[in-house]
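See structure below.
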Number of protein chains: 2
Amino acid sequence: MYLCISVLVVFFQMELLTLPALRRMAICGGTHGNEMTGVYLVQEMARRQKEEGDKAWPVPLVLVLSNPRAMQECRRYIETDLNRCFTSAILSFPITDSTPYEIRRAHELNALLGPKDSKEAVDVLCDLHNTTANMGVTLIAYSPNEWICLHIYKYLKGKMTLAPVRLFMVNIPKNEAYSLESVGKNGFSLEVGPQPHGVLRADIYNYMKEAIELSVEWIGLFNSGVMIEGGEVDAYVFHKSIDYPRDPESKQITAAVHPQLQDQDFCCLKSGDPVFLSFSGETVCYKEEEALYPFFINECAYYEKGIAFHLARKTTLKIPSVRVQRN
Amino acid sequence: MYLCISVLVVFFQMELLTLPALRRMAICGGTHGNEMTGVYLVQEMARRQKEEGDKAWPVPLVLVLSNPRAMQECRRYIETDLNRCFTSAILSFPITDSTPYEIRRAHELNALLGPKDSKEAVDVLCDLHNTTANMGVTLIAYSPNEWICLHIYKYLKGKMTLAPVRLFMVNIPKNEAYSLESVGKNGFSLEVGPQPHGVLRADIYNYMKEAIELSVEWIGLFNSGVMIEGGEVDAYVFHKSIDYPRDPESKQITAAVHPQLQDQDFCCLKSGDPVFLSFSGETVCYKEEEALYPFFINECAYYEKGIAFHLARKTTLKIPSVRVQRN
C-alpha cells in the first residue's frame, strides 16, 4: 500500500506539461436558437464587457450569438442543425446559392473563430447549450487528452456550489468532430438542464453563469504561471443510443420514458430496471447485462433523431499537472 | 352558529338542478401541436375505441386531433394560435384563399363539434393542453355557472390521486370565448404540467389520463340518474397578467422569473415577495398591497404574448346538486 502511494506520487510529480498561454477565449450562445440560457448570458456578458472594457475578465473574450435567425424564430435551427456542421468536410464545401443557412453560418463562424485546426483559431471555445434532461452542468469534450478542458472540468467540479458537474466524452477524432467547439484549439460544450427549450429559468441561468465565470477564472490562473495540479477525474464515455419503442408500421412511438428513469441522468441503469412505460400501461425493462449510465434522457431535440437516451460507460481519467509555457 | 348551519343545509337541499343528459363528449388533443400529452393520449384512446368499440367508455366519445399540420412540425401553430380562433366573430368570417390555416381549421372543427351555441353541438368538449408551468392538473372554464364543468372539477378534486387539481375561471361572456372548448354546450380545458413543449413525460401522461378517465366516469354517473351532491369548490378567477421587465429601447427582457417564484403556481404572492431576478443579479419584488395567486408562471408560449405569469383572486363557488332530466 505504501509502495502504491509512493508510485502515484512519483507519477504525478513527473507528469507536468507546459502548454501555450490561452490568449483568447470565445463564448458562444444561441447555436440552437431555442436554448435560451446561452442567448441571454452572452448578451449580459457583452453588456458588461461594453461597460467595463478589458477589465471585465482576466482573458479577452469573443462573445458570439451563433444562429441569429433561429434565435429570432425561437427554433433549434432554420434549415439544418448548425451544431452538426463543423466537420472538416462540411467546412471545406464550396458555398453556392442553394447552401442551407446553417452551413453558410458555420463557414462564417469558422472564419471568425478558427479556421479549425489553424494557429489563428481561438485558444478556447466554449459553446453554451440547454437540455430538457436533468443533466445539471455537463461538459462535453471530444477526447481524453484535451488537458485544458479536463482541467477546467476538474476546477468546476471542485468549485461549483449550485449544481452537479459531469464530463461526457464523445471520443471521436477531431476532424470528424461536428460541433462548434471543435473550431477552437481547445473546446467544450456546456450543457445545462433541465430547462424547456424556449424558456429561461433563473436557476439554470445561475448554474451556467457560475460555470462560465469559473472557467474564465481558471484560464486567468493558468496564464498567471502557477503550476496547476493534475489528478484523476470521472468521465462518462459514449457507448450507444437507445430509441423509443415504435409501432412497426407507423413508426410512431408507443411508449414514454418510464417515470423511474425520467430525470435520473447519470444514475446507473442495471438489468431489470424499468426503461419505458407504454401508452397502454406496460413497463419495458432494461435487458442488457452490462450496467451503464443513461443521460440526455428524454431530450426534446432528440425525438427527431430517434434517441430516447444515450448510454455511457463510466471511467476515470488521469490528467497531468500543467503550467503555462514561458515566452 | 347553529342557525348558520341550518340555513346552509336548507340552501343545499333546495338547490337541485335537473339538466339534460350528456349524450356525446369530444376530447381534443394537439390544438397546440407541440403539447404532446393530448396528442398521444387521444391516439391511444382512439386505438382502444377501435379495439373495444362502444363498450370502451360509458358515453360516446368523439376523439379529435385538432391541428395536424402543427403536430407534424411539432410547433404551437402554423400561422396563428388555433386556440384563439373560436370567437363567434371569427367563426362567422367568410373563408377566402388568404384565410390562415388555423382559421380554416377552426371552421372545420366548429362544423364537426358545434356549431357553437347550437343544439347540435357536442354536450361536453374537453380540450387537452400542456404547460411548462408547474400547474398540476388545472381545469379552465369560462364562467362560474357552468355546472357540469364545476361538478367534474369537484369529482376530479376528490378522486385524483396523482396530482393537485385546481380550477381557473376566465370569466368572460361565451360569445367572446376564444378557445376550442367554447364550441361545446359544456366545455373545459385540461392544462397539465410542468412539461417542456415537444416532450412527453410519463408522469404528466398519467395525470392527464386519470383526469380524463374520471371525467368520463362522472358523465356516466350523471347519465345513470343518481342525484349528485353539490357543495363548495375553490376557484382562481383571472385578475391580470404581468410581463417580464424589459429594456425600454430594445424591448428585450432583462430578468427571469425569480427562483423563489418559479414553480410556485397557485401559491399566495404577498407584497415584498421576490418576483424577478435580473440578468445582472438584482431582485425585483412584488409591490402591490393585495395578495394574489400567480399561475402559468414562466409558460413557454407566453413569452411572445408578453406574459411572465397571470394573477388570480381565490374564491369559493357554490354549486347546486344535479340530476339528469328524465325523458
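By order of appearance in the C-alpha cells: chains A, B, ..., then residues from 1 within every chain, and ligands from 1 in the order shown.
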Excluding segment 289-292 of chain B and residues on its chain fewer than 4 positions from it, collect all residues at most 9 Å away from it, counting only C-alpha atoms, and give them as number ranges by chain.
-> B: 239, 266-271, 311-314
If you fit chain A onto chain B using every C-alpha atom, paired in order, what RMSD in Å do you get?
->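 The root-mean-square deviation of C-alpha positions is 0.1 Å.
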Pick out the chain A residues within 7 Å of chain B. Count only C-alpha atoms. Give them as a list in words.
->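 Therefore, the residues near the partner are Glu44, Pro196, His197, Gly198, Val199, Leu200, Arg201, Ala202, Asp203, Ala256, Val257, His258, Pro259, Leu277, Phe279 and Cys300 of chain A.
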Kindly export the residues of the current selection with C-alpha atoms, as an mmCIF file, in the first residue's frame.
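Below you can see again-v8.cif, which holds the result:
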```cif
data_model
loop_
_atom_site.group_PDB
_atom_site.id
_atom_site.type_symbol
_atom_site.label_atom_id
_atom_site.label_comp_id
_atom_site.auth_asym_id
_atom_site.auth_seq_id
_atom_site.Cartn_x
_atom_site.Cartn_y
_atom_site.Cartn_z
ATOM 1 C CA GLU A 44 -25.436 40.064 -20.500
ATOM 2 C CA PRO A 196 -37.691 23.513 -21.506
ATOM 3 C CA HIS A 197 -36.482 24.898 -24.827
ATOM 4 C CA GLY A 198 -37.921 28.389 -25.357
ATOM 5 C CA VAL A 199 -37.952 29.024 -21.589
ATOM 6 C CA LEU A 200 -35.398 30.789 -19.388
ATOM 7 C CA ARG A 201 -35.152 29.606 -15.771
ATOM 8 C CA ALA A 202 -33.189 31.701 -13.283
ATOM 9 C CA ASP A 203 -31.743 28.621 -11.536
ATOM 10 C CA ALA A 256 -42.653 7.257 -22.933
ATOM 11 C CA VAL A 257 -39.538 7.144 -20.785
ATOM 12 C CA HIS A 258 -40.521 5.342 -17.563
ATOM 13 C CA PRO A 259 -41.145 7.608 -14.540
ATOM 14 C CA LEU A 277 -43.886 2.867 -19.969
ATOM 15 C CA PHE A 279 -49.232 4.270 -23.568
ATOM 16 C CA CYS A 300 -36.720 17.296 -26.676
#
```
Give the alpha helix (DSSP H) residues of segment 13-175 of chain B, as assigned by DSSP on the backbone, as a PyMOL selection string.
-> chain B and resi 13-14+36-52+68-72+88-91+101-113+147-159
Would you list the contacts of Arg69 of chain A as a VMD selection string, taking every protein, DNA or RNA residue within 10 Å and counting only C-alpha atoms, but skipping same-chain residues closer than 5 positions in sequence?
-> chain A and resid 30 33 74 to 78 101 to 102
Taking C-alpha atoms for each residue, export the selection above as a PDB file, in the first residue's frame.
```
ATOM      1  CA  GLY A  30     -27.744  30.539 -29.432  1.00  0.00           C
ATOM      2  CA  GLY A  33     -31.890  29.216 -31.252  1.00  0.00           C
ATOM      3  CA  CYS A  74     -37.071  30.616 -31.220  1.00  0.00           C
ATOM      4  CA  ARG A  75     -36.339  27.375 -33.071  1.00  0.00           C
ATOM      5  CA  ARG A  76     -33.444  24.941 -32.820  1.00  0.00           C
ATOM      6  CA  TYR A  77     -32.442  25.700 -36.420  1.00  0.00           C
ATOM      7  CA  ILE A  78     -33.841  27.074 -39.673  1.00  0.00           C
ATOM      8  CA  TYR A 101     -28.406  28.901 -43.970  1.00  0.00           C
ATOM      9  CA  GLU A 102     -26.708  26.987 -41.160  1.00  0.00           C
TER      10      GLU A 102
END
```
Cys28 of chain A proximity check over A:Val183, A:Ala163, A:Ala121, A:Val62, using only C-alpha atoms: winner is A:Val62
Would you give me, as a ChimeraX atom specification, the residues in segment 17-253 of chain B that DSSP reads as strand (DSSP E or B)?
-> /B:17-19,25-29,61-65,124-130,136-141,165-169,186-193,228,231-242,246,253
In terms of the shortest atom-to-atom distance over only C-alpha atoms, which of B:Gln49, B:Asn327, B:Thr31, B:Thr161 is closest to Glu191 of chain B?
->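 Answer, going by the shortest atom-to-atom distance: B:Thr31.
Going from atom CA of Pro20 of chain B to atom CA of Phe222 of chain B covers 9.9 Å.
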Write out as a PDB file with all heavy atoms, in the first residue's frame each polymer residue whose atoms come within 12 Å of Pro60 of chain B, counting only C-alpha atoms; drop sequence neighbours fewer than 4 positions from it.
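Output saved as result_12.pdb:
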```pdb
ATOM      1  N   LEU B  22     -76.004  13.934 -21.005  1.00  0.00           N
ATOM      2  CA  LEU B  22     -74.784  14.277 -21.770  1.00  0.00           C
ATOM      3  C   LEU B  22     -74.500  13.106 -22.706  1.00  0.00           C
ATOM      4  O   LEU B  22     -73.905  12.105 -22.299  1.00  0.00           O
ATOM      5  CB  LEU B  22     -73.635  14.542 -20.802  1.00  0.00           C
ATOM      6  CG  LEU B  22     -73.927  15.637 -19.770  1.00  0.00           C
ATOM      7  CD1 LEU B  22     -72.874  15.654 -18.669  1.00  0.00           C
ATOM      8  CD2 LEU B  22     -74.048  17.008 -20.433  1.00  0.00           C
ATOM      9  N   ARG B  23     -74.981  13.223 -23.936  1.00  0.00           N
ATOM     10  CA  ARG B  23     -75.006  12.059 -24.837  1.00  0.00           C
ATOM     11  C   ARG B  23     -73.757  11.929 -25.690  1.00  0.00           C
ATOM     12  O   ARG B  23     -73.525  10.884 -26.295  1.00  0.00           O
ATOM     13  CB  ARG B  23     -76.228  12.123 -25.748  1.00  0.00           C
ATOM     14  CG  ARG B  23     -77.521  12.247 -24.977  1.00  0.00           C
ATOM     15  CD  ARG B  23     -78.674  11.577 -25.680  1.00  0.00           C
ATOM     16  NE  ARG B  23     -79.895  11.708 -24.880  1.00  0.00           N
ATOM     17  CZ  ARG B  23     -80.209  10.920 -23.860  1.00  0.00           C
ATOM     18  NH1 ARG B  23     -79.398   9.932 -23.497  1.00  0.00           N
ATOM     19  NH2 ARG B  23     -81.342  11.103 -23.180  1.00  0.00           N
ATOM     20  N   ARG B  24     -72.976  13.015 -25.776  1.00  0.00           N
ATOM     21  CA  ARG B  24     -71.806  12.966 -26.671  1.00  0.00           C
ATOM     22  C   ARG B  24     -70.723  13.878 -26.091  1.00  0.00           C
ATOM     23  O   ARG B  24     -70.990  15.041 -25.780  1.00  0.00           O
ATOM     24  CB  ARG B  24     -72.208  13.436 -28.069  1.00  0.00           C
ATOM     25  CG  ARG B  24     -71.332  12.913 -29.183  1.00  0.00           C
ATOM     26  CD  ARG B  24     -72.026  13.064 -30.535  1.00  0.00           C
ATOM     27  NE  ARG B  24     -72.351  14.452 -30.816  1.00  0.00           N
ATOM     28  CZ  ARG B  24     -71.802  15.174 -31.811  1.00  0.00           C
ATOM     29  NH1 ARG B  24     -70.917  14.626 -32.618  1.00  0.00           N
ATOM     30  NH2 ARG B  24     -72.160  16.418 -32.004  1.00  0.00           N
ATOM     31  N   MET B  25     -69.534  13.326 -25.954  1.00  0.00           N
ATOM     32  CA  MET B  25     -68.409  14.107 -25.432  1.00  0.00           C
ATOM     33  C   MET B  25     -67.289  14.098 -26.466  1.00  0.00           C
ATOM     34  O   MET B  25     -67.004  13.065 -27.071  1.00  0.00           O
ATOM     35  CB  MET B  25     -67.894  13.489 -24.129  1.00  0.00           C
ATOM     36  CG  MET B  25     -66.716  14.238 -23.522  1.00  0.00           C
ATOM     37  SD  MET B  25     -66.032  13.418 -22.047  1.00  0.00           S
ATOM     38  CE  MET B  25     -64.986  14.718 -21.380  1.00  0.00           C
ATOM     39  N   ALA B  26     -66.663  15.275 -26.663  1.00  0.00           N
ATOM     40  CA  ALA B  26     -65.480  15.348 -27.540  1.00  0.00           C
ATOM     41  C   ALA B  26     -64.235  15.534 -26.682  1.00  0.00           C
ATOM     42  O   ALA B  26     -64.256  16.310 -25.721  1.00  0.00           O
ATOM     43  CB  ALA B  26     -65.614  16.492 -28.526  1.00  0.00           C
ATOM     44  N   ILE B  27     -63.186  14.816 -27.032  1.00  0.00           N
ATOM     45  CA  ILE B  27     -61.881  15.024 -26.382  1.00  0.00           C
ATOM     46  C   ILE B  27     -60.883  15.366 -27.480  1.00  0.00           C
ATOM     47  O   ILE B  27     -60.714  14.601 -28.444  1.00  0.00           O
ATOM     48  CB  ILE B  27     -61.446  13.775 -25.595  1.00  0.00           C
ATOM     49  CG1 ILE B  27     -62.479  13.491 -24.491  1.00  0.00           C
ATOM     50  CG2 ILE B  27     -60.061  13.974 -24.986  1.00  0.00           C
ATOM     51  CD1 ILE B  27     -62.244  12.214 -23.731  1.00  0.00           C
ATOM     52  N   ALA B  46     -58.134   6.435 -29.157  1.00  0.00           N
ATOM     53  CA  ALA B  46     -58.715   6.028 -30.451  1.00  0.00           C
ATOM     54  C   ALA B  46     -58.383   4.560 -30.730  1.00  0.00           C
ATOM     55  O   ALA B  46     -59.222   3.803 -31.224  1.00  0.00           O
ATOM     56  CB  ALA B  46     -58.188   6.927 -31.562  1.00  0.00           C
ATOM     57  N   GLN B  49     -60.624   2.538 -28.552  1.00  0.00           N
ATOM     58  CA  GLN B  49     -62.013   2.607 -29.045  1.00  0.00           C
ATOM     59  C   GLN B  49     -62.205   1.678 -30.244  1.00  0.00           C
ATOM     60  O   GLN B  49     -63.234   1.007 -30.376  1.00  0.00           O
ATOM     61  CB  GLN B  49     -62.337   4.055 -29.430  1.00  0.00           C
ATOM     62  CG  GLN B  49     -63.805   4.287 -29.751  1.00  0.00           C
ATOM     63  CD  GLN B  49     -64.196   5.751 -29.534  1.00  0.00           C
ATOM     64  OE1 GLN B  49     -64.357   6.222 -28.416  1.00  0.00           O
ATOM     65  NE2 GLN B  49     -64.322   6.474 -30.624  1.00  0.00           N
ATOM     66  N   GLY B  53     -64.671  -0.975 -29.236  1.00  0.00           N
ATOM     67  CA  GLY B  53     -65.950  -0.472 -29.756  1.00  0.00           C
ATOM     68  C   GLY B  53     -66.687   0.373 -28.725  1.00  0.00           C
ATOM     69  O   GLY B  53     -66.073   1.039 -27.881  1.00  0.00           O
ATOM     70  N   ASP B  54     -68.032   0.335 -28.755  1.00  0.00           N
ATOM     71  CA  ASP B  54     -68.876   1.188 -27.912  1.00  0.00           C
ATOM     72  C   ASP B  54     -68.701   0.931 -26.423  1.00  0.00           C
ATOM     73  O   ASP B  54     -69.053   1.766 -25.595  1.00  0.00           O
ATOM     74  CB  ASP B  54     -70.362   0.981 -28.275  1.00  0.00           C
ATOM     75  CG  ASP B  54     -70.673   1.568 -29.633  1.00  0.00           C
ATOM     76  OD1 ASP B  54     -69.830   2.350 -30.127  1.00  0.00           O
ATOM     77  OD2 ASP B  54     -71.741   1.246 -30.194  1.00  0.00           O
ATOM     78  N   LYS B  55     -68.154  -0.259 -26.110  1.00  0.00           N
ATOM     79  CA  LYS B  55     -68.038  -0.593 -24.684  1.00  0.00           C
ATOM     80  C   LYS B  55     -66.851   0.095 -23.994  1.00  0.00           C
ATOM     81  O   LYS B  55     -66.659  -0.024 -22.778  1.00  0.00           O
ATOM     82  CB  LYS B  55     -67.897  -2.112 -24.513  1.00  0.00           C
ATOM     83  CG  LYS B  55     -69.172  -2.857 -24.845  1.00  0.00           C
ATOM     84  CD  LYS B  55     -68.926  -4.344 -24.819  1.00  0.00           C
ATOM     85  CE  LYS B  55     -70.102  -5.084 -25.425  1.00  0.00           C
ATOM     86  NZ  LYS B  55     -69.793  -6.472 -25.753  1.00  0.00           N
ATOM     87  N   ALA B  56     -66.013   0.753 -24.803  1.00  0.00           N
ATOM     88  CA  ALA B  56     -64.791   1.323 -24.234  1.00  0.00           C
ATOM     89  C   ALA B  56     -65.088   2.364 -23.151  1.00  0.00           C
ATOM     90  O   ALA B  56     -64.380   2.441 -22.156  1.00  0.00           O
ATOM     91  CB  ALA B  56     -63.928   1.922 -25.350  1.00  0.00           C
ATOM     92  N   VAL B 122     -71.626  19.246 -29.469  1.00  0.00           N
ATOM     93  CA  VAL B 122     -71.371  18.162 -28.504  1.00  0.00           C
ATOM     94  C   VAL B 122     -71.764  18.642 -27.106  1.00  0.00           C
ATOM     95  O   VAL B 122     -71.683  19.831 -26.798  1.00  0.00           O
ATOM     96  CB  VAL B 122     -69.888  17.695 -28.507  1.00  0.00           C
ATOM     97  CG1 VAL B 122     -69.539  16.979 -29.798  1.00  0.00           C
ATOM     98  CG2 VAL B 122     -68.936  18.844 -28.230  1.00  0.00           C
ATOM     99  N   ASP B 123     -72.179  17.706 -26.263  1.00  0.00           N
ATOM    100  CA  ASP B 123     -72.654  18.092 -24.920  1.00  0.00           C
ATOM    101  C   ASP B 123     -71.507  18.538 -24.018  1.00  0.00           C
ATOM    102  O   ASP B 123     -71.665  19.448 -23.214  1.00  0.00           O
ATOM    103  CB  ASP B 123     -73.419  16.920 -24.296  1.00  0.00           C
ATOM    104  CG  ASP B 123     -74.668  16.608 -25.095  1.00  0.00           C
ATOM    105  OD1 ASP B 123     -75.442  17.543 -25.354  1.00  0.00           O
ATOM    106  OD2 ASP B 123     -74.839  15.447 -25.514  1.00  0.00           O
ATOM    107  N   VAL B 124     -70.359  17.855 -24.152  1.00  0.00           N
ATOM    108  CA  VAL B 124     -69.170  18.254 -23.375  1.00  0.00           C
ATOM    109  C   VAL B 124     -67.969  18.236 -24.314  1.00  0.00           C
ATOM    110  O   VAL B 124     -67.799  17.283 -25.082  1.00  0.00           O
ATOM    111  CB  VAL B 124     -68.897  17.278 -22.197  1.00  0.00           C
ATOM    112  CG1 VAL B 124     -67.728  17.789 -21.347  1.00  0.00           C
ATOM    113  CG2 VAL B 124     -70.139  17.089 -21.335  1.00  0.00           C
ATOM    114  N   VAL B 216     -64.924  11.164 -17.714  1.00  0.00           N
ATOM    115  CA  VAL B 216     -65.851  10.302 -18.452  1.00  0.00           C
ATOM    116  C   VAL B 216     -66.691   9.475 -17.451  1.00  0.00           C
ATOM    117  O   VAL B 216     -67.899   9.296 -17.629  1.00  0.00           O
ATOM    118  CB  VAL B 216     -65.059   9.400 -19.435  1.00  0.00           C
ATOM    119  CG1 VAL B 216     -65.976   8.382 -20.102  1.00  0.00           C
ATOM    120  CG2 VAL B 216     -64.353  10.250 -20.485  1.00  0.00           C
ATOM    121  N   GLU B 217     -66.047   9.022 -16.400  1.00  0.00           N
ATOM    122  CA  GLU B 217     -66.746   8.265 -15.341  1.00  0.00           C
ATOM    123  C   GLU B 217     -67.850   9.112 -14.718  1.00  0.00           C
ATOM    124  O   GLU B 217     -68.973   8.636 -14.505  1.00  0.00           O
ATOM    125  CB  GLU B 217     -65.712   7.875 -14.271  1.00  0.00           C
ATOM    126  CG  GLU B 217     -66.216   6.999 -13.151  1.00  0.00           C
ATOM    127  CD  GLU B 217     -65.058   6.609 -12.210  1.00  0.00           C
ATOM    128  OE1 GLU B 217     -64.215   5.792 -12.627  1.00  0.00           O
ATOM    129  OE2 GLU B 217     -65.006   7.145 -11.080  1.00  0.00           O
ATOM    130  N   ILE B 219     -69.500  11.565 -16.074  1.00  0.00           N
ATOM    131  CA  ILE B 219     -70.591  11.732 -17.042  1.00  0.00           C
ATOM    132  C   ILE B 219     -71.468  10.473 -17.042  1.00  0.00           C
ATOM    133  O   ILE B 219     -72.705  10.571 -17.068  1.00  0.00           O
ATOM    134  CB  ILE B 219     -70.037  12.067 -18.446  1.00  0.00           C
ATOM    135  CG1 ILE B 219     -69.411  13.472 -18.401  1.00  0.00           C
ATOM    136  CG2 ILE B 219     -71.129  12.004 -19.514  1.00  0.00           C
ATOM    137  CD1 ILE B 219     -68.671  13.876 -19.658  1.00  0.00           C
ATOM    138  N   GLY B 220     -70.838   9.308 -16.993  1.00  0.00           N
ATOM    139  CA  GLY B 220     -71.594   8.054 -16.904  1.00  0.00           C
ATOM    140  C   GLY B 220     -72.470   8.027 -15.656  1.00  0.00           C
ATOM    141  O   GLY B 220     -73.651   7.642 -15.711  1.00  0.00           O
ATOM    142  N   ASN B 223     -75.395  10.503 -16.096  1.00  0.00           N
ATOM    143  CA  ASN B 223     -76.394   9.957 -17.026  1.00  0.00           C
ATOM    144  C   ASN B 223     -77.202   8.810 -16.417  1.00  0.00           C
ATOM    145  O   ASN B 223     -78.321   8.530 -16.840  1.00  0.00           O
ATOM    146  CB  ASN B 223     -75.728   9.464 -18.318  1.00  0.00           C
ATOM    147  CG  ASN B 223     -75.302  10.616 -19.226  1.00  0.00           C
ATOM    148  OD1 ASN B 223     -75.810  11.745 -19.097  1.00  0.00           O
ATOM    149  ND2 ASN B 223     -74.387  10.355 -20.146  1.00  0.00           N
TER     150      ASN B 223
END
```
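Computed from the coordinates, the atom CA of Arg104 of chain B to atom CA of Asn186 of chain B distance equals 23.0 Å.
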Excluding Leu17 of chain A and residues on its chain fewer than 5 positions from it, collect all residues at most 7 Å away from it, counting only C-alpha atoms, and give them as a ChimeraX atom specification.
-> /A:320-323
Please produce an output containing N, CA and C atoms for each residue in the selection, written as a PDB file, in the first residue's frame.
```pdb
ATOM      1  N   PRO A 320      -2.463  15.206 -16.243  1.00  0.00           N
ATOM      2  CA  PRO A 320      -1.174  15.685 -15.715  1.00  0.00           C
ATOM      3  C   PRO A 320      -1.317  17.082 -15.128  1.00  0.00           C
ATOM      4  N   SER A 321      -0.357  17.445 -14.269  1.00  0.00           N
ATOM      5  CA  SER A 321      -0.278  18.838 -13.830  1.00  0.00           C
ATOM      6  C   SER A 321       0.128  19.685 -15.040  1.00  0.00           C
ATOM      7  N   VAL A 322      -0.289  20.939 -15.046  1.00  0.00           N
ATOM      8  CA  VAL A 322       0.032  21.808 -16.192  1.00  0.00           C
ATOM      9  C   VAL A 322       0.574  23.148 -15.700  1.00  0.00           C
ATOM     10  N   ARG A 323       1.402  23.748 -16.561  1.00  0.00           N
ATOM     11  CA  ARG A 323       1.884  25.105 -16.305  1.00  0.00           C
ATOM     12  C   ARG A 323       2.027  25.792 -17.662  1.00  0.00           C
TER      13      ARG A 323
END
```
What is the distance, in Å and to one decimal place, between atom CA of Ser118 of chain B and atom CA of Ser66 of chain B?
->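 Atom-to-atom, atom CA of Ser118 of chain B and atom CA of Ser66 of chain B are spaced 20.2 Å apart.
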In terms of only C-alpha atoms, the residue from A:Asp117, A:Glu176, A:Glu108, A:Glu181 at minimal distance from Ala141 of chain A is A:Glu181
Non-local contacts of Phe296 of chain B (7 Å; only C-alpha atoms; under 5 positions in same chain excluded) as a VMD selection string | chain B and resid 133 265 309 to 310
Restricting the output to all heavy atoms, write the selected residues as an mmCIF file, in the first residue's frame.
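Output below, filename part_21.cif:
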```cif
data_model
loop_
_atom_site.group_PDB
_atom_site.id
_atom_site.type_symbol
_atom_site.label_atom_id
_atom_site.label_comp_id
_atom_site.auth_asym_id
_atom_site.auth_seq_id
_atom_site.Cartn_x
_atom_site.Cartn_y
_atom_site.Cartn_z
ATOM 1 N N ALA B 133 -45.403 25.435 -17.025
ATOM 2 C CA ALA B 133 -45.562 25.874 -15.632
ATOM 3 C C ALA B 133 -45.956 24.695 -14.752
ATOM 4 O O ALA B 133 -46.548 23.713 -15.218
ATOM 5 C CB ALA B 133 -46.612 26.981 -15.555
ATOM 6 N N ASP B 265 -46.683 27.962 -8.717
ATOM 7 C CA ASP B 265 -48.016 28.289 -9.237
ATOM 8 C C ASP B 265 -49.076 28.013 -8.169
ATOM 9 O O ASP B 265 -49.024 26.989 -7.475
ATOM 10 C CB ASP B 265 -48.299 27.441 -10.487
ATOM 11 C CG ASP B 265 -47.304 27.744 -11.592
ATOM 12 O OD1 ASP B 265 -46.129 27.309 -11.464
ATOM 13 O OD2 ASP B 265 -47.675 28.416 -12.542
ATOM 14 N N PHE B 309 -46.445 35.818 -16.014
ATOM 15 C CA PHE B 309 -47.412 34.988 -15.269
ATOM 16 C C PHE B 309 -48.742 35.727 -15.196
ATOM 17 O O PHE B 309 -48.815 36.935 -15.430
ATOM 18 C CB PHE B 309 -46.906 34.622 -13.866
ATOM 19 C CG PHE B 309 -46.458 35.784 -13.015
ATOM 20 C CD1 PHE B 309 -47.359 36.480 -12.205
ATOM 21 C CD2 PHE B 309 -45.136 36.190 -13.023
ATOM 22 C CE1 PHE B 309 -46.939 37.547 -11.426
ATOM 23 C CE2 PHE B 309 -44.701 37.265 -12.237
ATOM 24 C CZ PHE B 309 -45.601 37.939 -11.444
ATOM 25 N N HIS B 310 -49.790 34.975 -14.906
ATOM 26 C CA HIS B 310 -51.105 35.558 -14.618
ATOM 27 C C HIS B 310 -51.250 35.684 -13.104
ATOM 28 O O HIS B 310 -50.609 34.939 -12.349
ATOM 29 C CB HIS B 310 -52.232 34.632 -15.092
ATOM 30 C CG HIS B 310 -52.418 34.562 -16.573
ATOM 31 N ND1 HIS B 310 -52.256 35.631 -17.426
ATOM 32 C CD2 HIS B 310 -52.817 33.519 -17.358
ATOM 33 C CE1 HIS B 310 -52.536 35.243 -18.660
ATOM 34 N NE2 HIS B 310 -52.863 33.981 -18.653
#
```
Closest of A:Ser92, A:Asn67, A:Ser189, A:Ser143 to Cys126 of chain A - atom-to-atom distances counting only C-alpha atoms =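 Residue with the minimum atom-to-atom distance to Cys126 of chain A: A:Ser189.
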Name the closest residue to Val233 of chain A among the candidates A:Met135, A:Val165, A:Ala70, A:Met208; distances are taken between atoms, counting only C-alpha atoms.
-> A:Val165
Contacts of Asn145 of chain B at 10 Å or less, counting only C-alpha atoms, minus same-chain residues fewer than 5 places along, as a list in words?
->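 That gives Leu150, Asn171, Leu317, Lys318, Ile319 and Pro320 of chain B.
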